[in-house]
$ cat entry.txt   # compact mmCIF, C-alpha atoms
# COMPACT_ATOMS: atom_id res chain seq x y z
CA MET F 79 -37.70 26.00 -8.46
CA ASN F 80 -39.62 28.83 -6.83
CA LYS F 81 -42.43 27.70 -4.55
CA LYS F 82 -44.73 30.71 -4.72
CA GLY F 83 -47.48 30.62 -7.31
CA ILE F 84 -47.42 32.66 -10.51
CA LEU F 85 -50.17 35.14 -11.33
CA THR F 86 -51.15 34.15 -14.87
CA VAL F 87 -53.37 36.30 -17.03
CA ILE F 88 -55.04 34.61 -20.00
CA SER F 89 -56.45 36.87 -22.71
CA GLY F 90 -57.30 36.33 -26.34
CA PHE F 91 -59.64 37.09 -29.16
CA SER F 92 -63.32 36.45 -28.57
CA GLY F 93 -63.85 32.94 -29.96
CA ALA F 94 -60.26 31.82 -29.39
CA GLY F 95 -61.36 29.31 -26.75
CA LYS F 96 -59.60 30.76 -23.68
CA GLY F 97 -62.51 29.91 -21.38
CA THR F 98 -62.36 26.25 -22.44
CA ILE F 99 -58.59 26.17 -21.91
CA VAL F 100 -58.96 27.62 -18.40
CA LYS F 101 -61.67 25.06 -17.54
CA GLY F 102 -59.38 22.31 -18.88
CA LEU F 103 -56.46 23.47 -16.73
CA MET F 104 -58.62 23.57 -13.59
CA LYS F 105 -60.07 20.14 -14.25
CA ARG F 106 -56.86 18.35 -15.18
CA TYR F 107 -54.29 19.80 -12.77
CA GLN F 108 -54.29 20.42 -9.03
CA ASN F 109 -51.97 23.41 -8.86
CA TYR F 110 -54.26 26.11 -10.21
CA ALA F 111 -56.69 28.48 -8.52
CA LEU F 112 -59.13 30.57 -10.49
CA SER F 113 -59.28 34.18 -9.43
CA ILE F 114 -62.76 35.07 -8.12
CA SER F 115 -63.98 38.52 -9.14
CA ALA F 116 -65.84 40.97 -6.95
CA THR F 117 -68.94 42.53 -8.51
CA THR F 118 -71.70 44.95 -7.68
CA ARG F 119 -74.25 43.15 -9.84
CA ASN F 120 -76.94 41.05 -8.19
CA PRO F 121 -76.39 37.29 -7.84
CA ARG F 122 -78.27 35.20 -10.39
CA ALA F 123 -80.15 32.01 -9.45
CA GLY F 124 -77.68 29.37 -8.29
CA GLU F 125 -74.72 31.75 -7.85
CA THR F 126 -72.97 31.61 -4.47
CA HIS F 127 -70.92 34.34 -2.80
CA GLY F 128 -67.25 33.28 -2.86
CA VAL F 129 -67.77 30.71 -5.63
CA GLU F 130 -68.77 32.48 -8.88
CA TYR F 131 -68.25 35.99 -7.45
CA PHE F 132 -67.75 37.96 -4.29
CA PHE F 133 -70.98 39.99 -4.26
CA LYS F 134 -70.51 43.55 -2.99
CA THR F 135 -72.63 46.66 -2.57
CA LYS F 136 -71.52 49.70 -4.51
CA GLU F 137 -70.28 51.28 -1.24
CA GLU F 138 -68.21 48.19 -0.38
CA PHE F 139 -66.76 48.15 -3.91
CA MET F 140 -65.84 51.87 -3.72
CA ASP F 141 -64.14 51.19 -0.37
CA MET F 142 -62.12 48.39 -1.98
CA ILE F 143 -60.96 50.73 -4.75
CA GLU F 144 -60.06 53.43 -2.23
CA GLN F 145 -58.09 51.04 -0.02
CA ASP F 146 -56.21 49.62 -3.03
CA GLN F 147 -57.70 46.16 -2.45
CA LEU F 148 -58.24 45.44 -6.15
CA ILE F 149 -55.62 44.32 -8.65
CA GLU F 150 -57.71 45.83 -11.47
CA TYR F 151 -61.33 46.79 -11.99
CA ALA F 152 -63.67 47.96 -14.74
CA GLU F 153 -67.23 49.19 -15.12
CA TYR F 154 -69.48 47.24 -17.49
CA VAL F 155 -73.20 47.90 -18.09
CA GLU F 156 -73.46 50.02 -14.93
CA ASN F 157 -71.92 47.36 -12.72
CA PHE F 158 -68.40 47.13 -11.37
CA TYR F 159 -66.18 44.07 -11.69
CA GLY F 160 -62.74 43.72 -10.10
CA THR F 161 -60.07 41.31 -8.91
CA PRO F 162 -59.60 41.30 -5.10
CA LYS F 163 -55.93 41.29 -4.20
CA ALA F 164 -56.32 39.45 -0.87
CA TYR F 165 -57.74 36.28 -2.43
CA VAL F 166 -55.10 36.20 -5.17
CA ASP F 167 -52.27 36.82 -2.68
CA SER F 168 -53.38 34.05 -0.31
CA GLN F 169 -53.58 31.56 -3.20
CA LEU F 170 -50.16 32.59 -4.55
CA GLU F 171 -48.61 32.30 -1.07
CA SER F 172 -50.04 28.78 -0.70
CA GLY F 173 -48.20 27.85 -3.92
CA LYS F 174 -51.15 27.87 -6.32
CA ASP F 175 -50.75 29.44 -9.75
CA VAL F 176 -53.64 31.86 -10.01
CA ILE F 177 -55.44 32.15 -13.35
CA LEU F 178 -57.05 35.44 -14.26
CA GLU F 179 -59.10 35.55 -17.47
CA ILE F 180 -59.33 39.22 -18.44
CA GLU F 181 -59.18 41.33 -21.59
CA ILE F 182 -56.12 43.02 -22.89
CA GLN F 183 -56.42 46.49 -21.29
CA GLY F 184 -56.88 44.95 -17.84
CA ALA F 185 -54.03 42.50 -18.48
CA LEU F 186 -51.56 45.26 -19.31
CA LYS F 187 -52.62 47.23 -16.21
CA VAL F 188 -52.00 44.15 -14.03
CA LYS F 189 -48.56 43.60 -15.59
CA GLU F 190 -47.65 47.26 -14.99
CA LYS F 191 -48.61 47.01 -11.31
CA PHE F 192 -47.19 43.48 -10.81
CA PRO F 193 -44.33 42.92 -13.28
CA ASP F 194 -44.03 39.23 -12.27
CA THR F 195 -47.40 38.55 -13.90
CA LEU F 196 -47.28 36.05 -16.75
CA LEU F 197 -49.29 37.16 -19.79
CA LEU F 198 -50.64 34.53 -22.18
CA PHE F 199 -52.49 35.38 -25.38
CA VAL F 200 -54.72 32.74 -27.01
CA THR F 201 -55.47 32.80 -30.73
CA PRO F 202 -57.05 30.38 -33.22
CA PRO F 203 -54.62 28.98 -35.83
CA SER F 204 -55.74 31.55 -38.44
CA MET F 205 -57.92 34.62 -38.60
CA GLN F 206 -60.13 32.90 -41.17
CA GLU F 207 -60.69 30.24 -38.50
CA LEU F 208 -61.46 32.99 -35.94
CA LYS F 209 -64.15 34.41 -38.24
CA GLN F 210 -65.57 30.93 -38.88
CA ARG F 211 -65.75 30.20 -35.15
CA LEU F 212 -67.63 33.44 -34.50
CA VAL F 213 -70.02 32.79 -37.40
CA GLY F 214 -70.31 29.11 -36.48
CA ARG F 215 -71.63 29.91 -33.00
CA GLY F 216 -74.82 31.00 -34.72
CA THR F 217 -75.79 33.11 -31.72
CA GLU F 218 -74.57 36.48 -32.98
CA ASP F 219 -75.79 38.59 -35.89
CA SER F 220 -73.38 39.80 -38.54
CA LYS F 221 -73.17 43.26 -36.95
CA THR F 222 -71.96 41.77 -33.64
CA ILE F 223 -69.46 39.56 -35.51
CA ASP F 224 -68.11 42.55 -37.44
CA CYS F 225 -67.82 44.48 -34.19
CA ARG F 226 -65.83 41.62 -32.59
CA LEU F 227 -63.53 41.35 -35.59
CA LYS F 228 -62.88 45.11 -35.46
CA ARG F 229 -62.11 44.79 -31.76
CA ALA F 230 -59.73 41.94 -32.61
CA VAL F 231 -57.79 44.31 -34.90
CA LEU F 232 -57.24 46.64 -31.94
CA GLU F 233 -56.41 43.79 -29.54
CA ALA F 234 -53.84 42.35 -31.96
CA GLU F 235 -51.79 45.51 -31.55
CA GLY F 236 -51.21 44.54 -27.90
CA ILE F 237 -49.98 40.95 -28.44
CA ASP F 238 -46.33 42.11 -28.52
CA GLN F 239 -46.64 43.02 -24.84
CA TYR F 240 -47.63 39.48 -23.87
CA ASP F 241 -45.12 36.81 -22.85
CA TYR F 242 -46.47 33.82 -24.77
CA LEU F 243 -48.65 33.25 -27.82
CA ILE F 244 -50.83 30.15 -27.54
CA ILE F 245 -52.21 28.90 -30.83
CA ASN F 246 -55.37 26.94 -30.10
CA ASP F 247 -55.21 24.39 -32.91
CA ASP F 248 -56.05 21.28 -30.90
CA LEU F 249 -57.78 21.81 -27.55
CA GLU F 250 -56.23 18.90 -25.64
CA GLU F 251 -52.69 19.69 -26.83
CA CYS F 252 -53.32 23.34 -26.12
CA ILE F 253 -54.25 22.68 -22.48
CA VAL F 254 -51.08 20.63 -21.95
CA ARG F 255 -48.97 23.26 -23.73
CA THR F 256 -50.43 26.05 -21.58
CA HIS F 257 -49.73 23.99 -18.44
CA ASN F 258 -46.13 23.36 -19.55
CA ILE F 259 -45.58 27.05 -20.28
CA ILE F 260 -46.76 28.10 -16.81
CA GLN F 261 -44.77 25.35 -15.05
CA SER F 262 -41.62 26.11 -17.07
CA GLU F 263 -41.86 29.73 -15.93
CA HIS F 264 -41.24 28.51 -12.36
CA CYS F 265 -37.69 27.68 -13.52
CA ARG F 266 -37.00 31.15 -14.99
CA VAL F 267 -33.81 32.59 -13.51
CA SER F 268 -35.63 35.88 -12.87
CA ARG F 269 -38.14 34.00 -10.65
CA ASN F 270 -35.39 32.21 -8.70
CA ASN F 271 -33.28 35.02 -7.29
CA CYS F 272 -33.51 33.59 -3.76
CA ASN F 273 -32.42 30.11 -4.86
CA ILE F 274 -29.48 31.56 -6.79
CA GLU F 275 -28.36 33.72 -3.86
CA GLN F 276 -28.52 30.62 -1.64
CA ILE F 277 -26.36 28.63 -4.12
CA LYS F 278 -23.76 31.43 -4.09
CA GLU F 279 -23.75 31.63 -0.28
CA GLU F 280 -23.46 27.85 0.21
CA LEU F 281 -20.60 27.60 -2.29
CA LYS F 282 -18.65 30.32 -0.49
CA LYS F 283 -18.62 28.17 2.68
CA PHE F 284 -16.48 25.44 1.03
CA MET S 156 -45.54 28.49 -32.90
CA ASN S 157 -42.26 29.21 -34.65
CA LYS S 158 -41.00 26.38 -36.83
CA LYS S 159 -37.27 27.08 -36.74
CA GLY S 160 -35.26 25.27 -34.09
CA ILE S 161 -33.89 26.95 -30.97
CA LEU S 162 -30.17 26.98 -30.22
CA THR S 163 -30.06 25.75 -26.63
CA VAL S 164 -26.93 25.93 -24.52
CA ILE S 165 -26.78 23.69 -21.45
CA SER S 166 -24.18 24.52 -18.82
CA GLY S 167 -23.86 23.67 -15.18
CA PHE S 168 -21.55 22.80 -12.34
CA SER S 169 -19.26 19.83 -12.84
CA GLY S 170 -21.21 16.94 -11.31
CA ALA S 171 -24.62 18.49 -11.88
CA GLY S 172 -25.55 15.80 -14.39
CA LYS S 173 -25.92 17.92 -17.52
CA GLY S 174 -24.38 15.24 -19.77
CA THR S 175 -26.93 12.69 -18.56
CA ILE S 176 -29.79 15.14 -19.15
CA VAL S 177 -28.59 15.82 -22.71
CA LYS S 178 -28.33 12.07 -23.41
CA GLY S 179 -31.85 11.62 -22.00
CA LEU S 180 -33.25 14.36 -24.24
CA MET S 181 -31.62 12.87 -27.34
CA LYS S 182 -32.84 9.37 -26.53
CA ARG S 183 -36.40 10.24 -25.58
CA TYR S 184 -37.39 12.93 -28.09
CA GLN S 185 -37.02 13.22 -31.86
CA ASN S 186 -36.76 16.99 -32.17
CA TYR S 187 -33.22 17.52 -30.90
CA ALA S 188 -29.86 17.56 -32.65
CA LEU S 189 -26.61 17.57 -30.73
CA SER S 190 -24.09 20.09 -31.94
CA ILE S 191 -20.92 18.36 -33.21
CA SER S 192 -17.67 20.13 -32.32
CA ALA S 193 -14.69 20.63 -34.58
CA THR S 194 -11.31 19.76 -33.01
CA THR S 195 -7.64 19.68 -33.91
CA ARG S 196 -6.94 16.74 -31.63
CA ASN S 197 -6.36 13.31 -33.15
CA PRO S 198 -9.30 10.88 -33.35
CA ARG S 199 -9.28 8.17 -30.66
CA ALA S 200 -10.03 4.52 -31.45
CA GLY S 201 -13.65 4.18 -32.54
CA GLU S 202 -14.25 7.89 -33.13
CA THR S 203 -15.69 8.81 -36.54
CA HIS S 204 -15.41 12.13 -38.37
CA GLY S 205 -18.85 13.80 -38.33
CA VAL S 206 -20.14 11.68 -35.43
CA GLU S 207 -18.16 12.45 -32.26
CA TYR S 208 -16.22 15.35 -33.84
CA PHE S 209 -15.33 17.01 -37.09
CA PHE S 210 -11.57 16.35 -37.12
CA LYS S 211 -9.56 19.24 -38.55
CA THR S 212 -5.91 20.10 -39.07
CA LYS S 213 -4.67 23.18 -37.26
CA GLU S 214 -4.58 25.04 -40.60
CA GLU S 215 -8.18 24.12 -41.37
CA PHE S 216 -9.24 25.19 -37.88
CA MET S 217 -7.44 28.56 -38.23
CA ASP S 218 -9.19 29.07 -41.58
CA MET S 219 -12.56 28.40 -39.91
CA ILE S 220 -11.81 31.02 -37.25
CA GLU S 221 -10.70 33.53 -39.88
CA GLN S 222 -13.80 32.98 -42.04
CA ASP S 223 -16.11 33.31 -39.01
CA GLN S 224 -17.33 29.73 -39.43
CA LEU S 225 -17.34 28.97 -35.69
CA ILE S 226 -20.00 30.02 -33.18
CA GLU S 227 -17.40 29.84 -30.41
CA TYR S 228 -14.06 28.16 -29.86
CA ALA S 229 -11.50 27.58 -27.13
CA GLU S 230 -8.02 26.13 -26.74
CA TYR S 231 -7.64 23.28 -24.24
CA VAL S 232 -4.41 21.30 -23.62
CA GLU S 233 -2.85 22.59 -26.84
CA ASN S 234 -5.80 21.54 -28.98
CA PHE S 235 -8.60 23.67 -30.38
CA TYR S 236 -12.28 22.90 -29.94
CA GLY S 237 -15.10 24.87 -31.58
CA THR S 238 -18.72 24.81 -32.72
CA PRO S 239 -19.14 24.95 -36.53
CA LYS S 240 -21.87 27.39 -37.49
CA ALA S 241 -22.88 25.62 -40.75
CA TYR S 242 -23.92 22.38 -39.04
CA VAL S 243 -25.89 24.22 -36.32
CA ASP S 244 -27.62 26.46 -38.89
CA SER S 245 -28.68 23.58 -41.13
CA GLN S 246 -30.15 21.72 -38.13
CA LEU S 247 -32.00 24.83 -36.90
CA GLU S 248 -33.39 25.52 -40.38
CA SER S 249 -34.70 21.94 -40.59
CA GLY S 250 -36.63 22.62 -37.35
CA LYS S 251 -34.39 20.75 -34.91
CA ASP S 252 -33.59 22.31 -31.55
CA VAL S 253 -29.82 22.17 -31.34
CA ILE S 254 -28.24 21.31 -28.00
CA LEU S 255 -24.82 22.71 -27.20
CA GLU S 256 -23.18 21.55 -23.97
CA ILE S 257 -20.52 24.15 -23.15
CA GLU S 258 -19.16 25.93 -20.11
CA ILE S 259 -20.30 29.31 -18.91
CA GLN S 260 -17.76 31.61 -20.64
CA GLY S 261 -18.51 30.01 -24.00
CA ALA S 262 -22.25 30.14 -23.31
CA LEU S 263 -22.22 33.87 -22.64
CA LYS S 264 -20.17 34.51 -25.79
CA VAL S 265 -22.72 32.56 -27.86
CA LYS S 266 -25.62 34.52 -26.33
CA GLU S 267 -23.86 37.81 -27.09
CA LYS S 268 -23.37 36.84 -30.73
CA PHE S 269 -26.79 35.15 -31.12
CA PRO S 270 -29.25 36.76 -28.68
CA ASP S 271 -31.97 34.18 -29.53
CA THR S 272 -29.89 31.47 -27.83
CA LEU S 273 -31.62 29.82 -24.90
CA LEU S 274 -29.33 29.41 -21.87
CA LEU S 275 -30.07 26.65 -19.34
CA PHE S 276 -28.06 26.18 -16.16
CA VAL S 277 -28.16 22.81 -14.38
CA THR S 278 -27.50 22.50 -10.66
CA PRO S 279 -27.91 19.75 -8.05
CA PRO S 280 -30.60 20.45 -5.41
CA SER S 281 -28.02 21.69 -2.90
CA MET S 282 -24.32 22.53 -2.82
CA GLN S 283 -23.81 19.88 -0.15
CA GLU S 284 -25.19 17.42 -2.70
CA LEU S 285 -22.84 18.81 -5.36
CA LYS S 286 -19.86 18.18 -3.08
CA GLN S 287 -21.10 14.67 -2.29
CA ARG S 288 -21.53 13.87 -5.99
CA LEU S 289 -17.97 14.96 -6.73
CA VAL S 290 -16.57 13.00 -3.78
CA GLY S 291 -18.85 10.02 -4.54
CA ARG S 292 -17.41 9.58 -8.02
CA GLY S 293 -14.30 8.30 -6.30
CA THR S 294 -12.19 9.10 -9.34
CA GLU S 295 -10.82 12.47 -8.26
CA ASP S 296 -8.41 13.35 -5.45
CA SER S 297 -9.33 15.99 -2.87
CA LYS S 298 -7.21 18.62 -4.62
CA THR S 299 -9.18 18.18 -7.86
CA ILE S 300 -12.47 18.30 -5.96
CA ASP S 301 -11.42 21.51 -4.18
CA CYS S 302 -10.43 22.97 -7.50
CA ARG S 303 -13.84 22.13 -9.02
CA LEU S 304 -15.69 23.62 -6.04
CA LYS S 305 -13.66 26.83 -6.34
CA ARG S 306 -14.49 26.93 -10.03
CA ALA S 307 -18.17 26.47 -9.10
CA VAL S 308 -17.97 29.62 -6.94
CA LEU S 309 -16.88 31.60 -10.00
CA GLU S 310 -19.43 29.94 -12.28
CA ALA S 311 -22.27 30.70 -9.85
CA GLU S 312 -21.69 34.41 -10.43
CA GLY S 313 -22.81 33.93 -14.03
CA ILE S 314 -26.13 32.13 -13.37
CA ASP S 315 -28.06 35.43 -13.40
CA GLN S 316 -27.27 35.76 -17.09
CA TYR S 317 -28.93 32.43 -17.91
CA ASP S 318 -32.60 32.08 -18.87
CA TYR S 319 -33.59 29.04 -16.80
CA LEU S 320 -32.32 27.27 -13.70
CA ILE S 321 -32.78 23.51 -13.82
CA ILE S 322 -32.53 21.80 -10.47
CA ASN S 323 -31.52 18.19 -11.05
CA ASP S 324 -33.30 16.52 -8.13
CA ASP S 325 -34.79 13.58 -10.01
CA LEU S 326 -33.21 12.67 -13.34
CA GLU S 327 -36.35 11.49 -15.16
CA GLU S 328 -38.43 14.49 -14.05
CA CYS S 329 -35.52 16.74 -14.91
CA ILE S 330 -35.33 15.48 -18.51
CA VAL S 331 -39.07 16.07 -19.00
CA ARG S 332 -38.83 19.52 -17.36
CA THR S 333 -35.92 20.51 -19.61
CA HIS S 334 -37.85 19.32 -22.67
CA ASN S 335 -40.94 21.31 -21.61
CA ILE S 336 -38.86 24.46 -21.04
CA ILE S 337 -37.34 24.29 -24.52
CA GLN S 338 -40.68 23.52 -26.20
CA SER S 339 -42.48 26.27 -24.26
CA GLU S 340 -39.89 28.75 -25.53
CA HIS S 341 -41.21 28.12 -29.05
CA CYS S 342 -44.40 29.92 -27.93
CA ARG S 343 -42.56 33.03 -26.63
CA VAL S 344 -43.98 36.17 -28.20
CA SER S 345 -40.44 37.36 -28.94
CA ARG S 346 -39.87 34.20 -31.03
CA ASN S 347 -43.14 34.63 -32.96
CA ASN S 348 -42.85 38.06 -34.53
CA CYS S 349 -43.67 36.70 -37.98
CA ASN S 350 -46.79 34.90 -36.76
CA ILE S 351 -47.98 38.01 -34.94
CA GLU S 352 -47.41 40.24 -37.97
CA GLN S 353 -49.39 37.75 -40.04
CA ILE S 354 -52.28 37.83 -37.55
CA LYS S 355 -52.35 41.64 -37.72
CA GLU S 356 -52.27 41.64 -41.53
CA GLU S 357 -55.02 39.01 -41.87
CA LEU S 358 -57.28 40.85 -39.43
CA LYS S 359 -56.94 44.09 -41.37
CA LYS S 360 -58.42 42.38 -44.44
CA PHE S 361 -61.83 41.87 -42.74

$ encode --input "entry.txt" --output "structure tokens"
Amino acid sequence: MNKKGILTVISGFSGAGKGTIVKGLMKRYQNYALSISATTRNPRAGETHGVEYFFKTKEEFMDMIEQDQLIEYAEYVENFYGTPKAYVDSQLESGKDVILEIEIQGALKVKEKFPDTLLLFVTPPSMQELKQRLVGRGTEDSKTIDCRLKRAVLEAEGIDQYDYLIINDDLEECIVRTHNIIQSEHCRVSRNNCNIEQIKEELKKF
Amino acid sequence: MNKKGILTVISGFSGAGKGTIVKGLMKRYQNYALSISATTRNPRAGETHGVEYFFKTKEEFMDMIEQDQLIEYAEYVENFYGTPKAYVDSQLESGKDVILEIEIQGALKVKEKFPDTLLLFVTPPSMQELKQRLVGRGTEDSKTIDCRLKRAVLEAEGIDQYDYLIINDDLEECIVRTHNIIQSEHCRVSRNNCNIEQIKEELKKF
């Protein structure tokens, strides 16, 4: 089994429960590290540099882009958000599977740059259920809900490019299933080229 | 998650413990069916038609080949052995994951004919350990052991064409790991095309 961690991107429809699954993985298992984003926005009360975010000035962030220190980045409401490569690499090298919770466009960019990335897509058991969850939150008006559902139509077109589809029917089962998927990937032949070469070499000695 | 079973082929070096893993899977979990081979050899004492083997005359076996009723077959010590397609299909349709324990040449033929087949390769943690296991059995002379190790060299060249490498370091862990690998495969995007199409269709209705 390969010892290096696996960079795992978790995406999914808004309301699919991916945040809860990620929290569950972190709480229940020891082998995960959550990727910490860099951002140019100001820290909010209680936020600590290196815990919730790496807080950067705009100049620092531009330098990071220029020096190819970010796995991916995006601008959102006049602030930049990105995934620092150094932190992810050090966690992967130490054997931790690094979880990155980003939307579909970012996920596909990461996979293109790092083909070993594992892409997981989380969905509720049915689209009727998705709509009910968004309505049930009670925090969004119908215009926002419609907007999210329209976005879901676009996002659904990208699912085929993911590796696994995770149907969030029962949260507890779903956390275990997600964990098993990531751990099973460690046994993929394509992630064990070194082990297989070693087997071939050792056998030739007999 | 797709409901149909997955045809799972388990191969591995002689002495890797694949038979024990298969027995463990069958004993511990309800969702597996073991493929039953057809053979032209005579039943031994205590063997029942439809349990250990489907016993066939040579004419019947030749008919099965001709009518493409076998997934794969091979001749061994003047008898024929093969995997009847009908039994495997009915088990897969009922949702059982069907386990087929065959050697590497047969495995690759099955994968070629049925690309959805999941190929697992079992190996001991090291080749030194493999040699010790073969010697430790105490039932084979050194010529037979040498012969098996030479065969292992050839078999190792085929591992790259398998899907997963299962390192049998601890039997109990190995059974659970194998189970998790097979169950995780049910969530593969490539095995869920129907589910994904349904998601897209449902979303378009909103």

$ atom_distance --input "entry.txt" --atom1 "CA of Gly313 (chain S)" --atom2 "CA of Ile259 (chain S)"
7.2 Å

$ residues_around --input "entry.txt" --residues "Lys359 (chain S)" --least-positions-apart "4" --cutoff "10 Å" --atoms "all atoms listed in the file" --output "MDAnalysis selection string"
(chainID F and resid 205 227:228 230:232) or (chainID S and resid 353:355)

$ atom_distance --input "entry.txt" --atom1 "CA of Asp241 (chain F)" --atom2 "CA of Leu197 (chain F)"
5.2 Å

$ closest_residue --input "entry.txt" --among "S:Ser297, S:Ser339, S:Thr238, S:Thr278" --to "chain F" --atoms "all atoms listed in the file"
S:Ser339

$ residues_around --input "entry.txt" --residues "Glu130 (chain F)" --least-positions-apart "5" --cutoff "9 Å" --atoms "only C-alpha atoms" --output "PyMOL selection string"
chain F and resi 114-115+125

$ residues_around --input "entry.txt" --residues "Met181 (chain S)" --least-positions-apart "6" --cutoff "10 Å" --atoms "only C-alpha atoms" --output "mmCIF file with C-alpha atoms, in the frame of the given file"
data_model
loop_
_atom_site.group_PDB
_atom_site.id
_atom_site.type_symbol
_atom_site.label_atom_id
_atom_site.label_comp_id
_atom_site.auth_asym_id
_atom_site.auth_seq_id
_atom_site.Cartn_x
_atom_site.Cartn_y
_atom_site.Cartn_z
ATOM 1 C CA THR S 175 -26.930 12.690 -18.560
ATOM 2 C CA TYR S 187 -33.220 17.520 -30.900
ATOM 3 C CA ALA S 188 -29.860 17.560 -32.650
ATOM 4 C CA LEU S 189 -26.610 17.570 -30.730
ATOM 5 C CA ILE S 254 -28.240 21.310 -28.000
ATOM 6 C CA ILE S 330 -35.330 15.480 -18.510
#

$ atom_distance --input "entry.txt" --atom1 "CA of Ser204 (chain F)" --atom2 "CA of Asp271 (chain S)"
25.5 Å

$ residues_around --input "entry.txt" --residues "Lys209 (chain F)" --least-positions-apart "5" --cutoff "12 Å" --atoms "only C-alpha atoms" --output "PyMOL selection string"
(chain F and resi 91-94+201-204+214-216+218+220+222-228+230) or (chain S and resi 357-358+360-361)

$ residues_near_point --input "entry.txt" --point "(-34.4, 9.4, -16.8)" --cutoff "10 Å" --atoms "all atoms listed in the file" --output "list in words"
Thr175, Ile176, Lys178, Gly179, Leu180, Lys182, Arg183, Asp325, Leu326, Glu327, Glu328, Cys329, Ile330 and Val331 of chain S

$ residues_around --input "entry.txt" --residues "Leu225 (chain S)" --least-positions-apart "5" --cutoff "12 Å" --atoms "only C-alpha atoms" --output "ChimeraX atom specification"
/S:190-194,215-220,235-244,261,264-265,268

$ closest_residue --input "entry.txt" --among "F:Thr217, F:Gln183, F:Asn246, F:Asn273" --to "Ala152 (chain F)" --atoms "all atoms listed in the file"
F:Gln183

$ closest_residue --input "entry.txt" --among "F:Tyr151, F:Phe132, F:Tyr242, F:Phe192" --to "His341 (chain S)" --atoms "all atoms listed in the file"
F:Tyr242
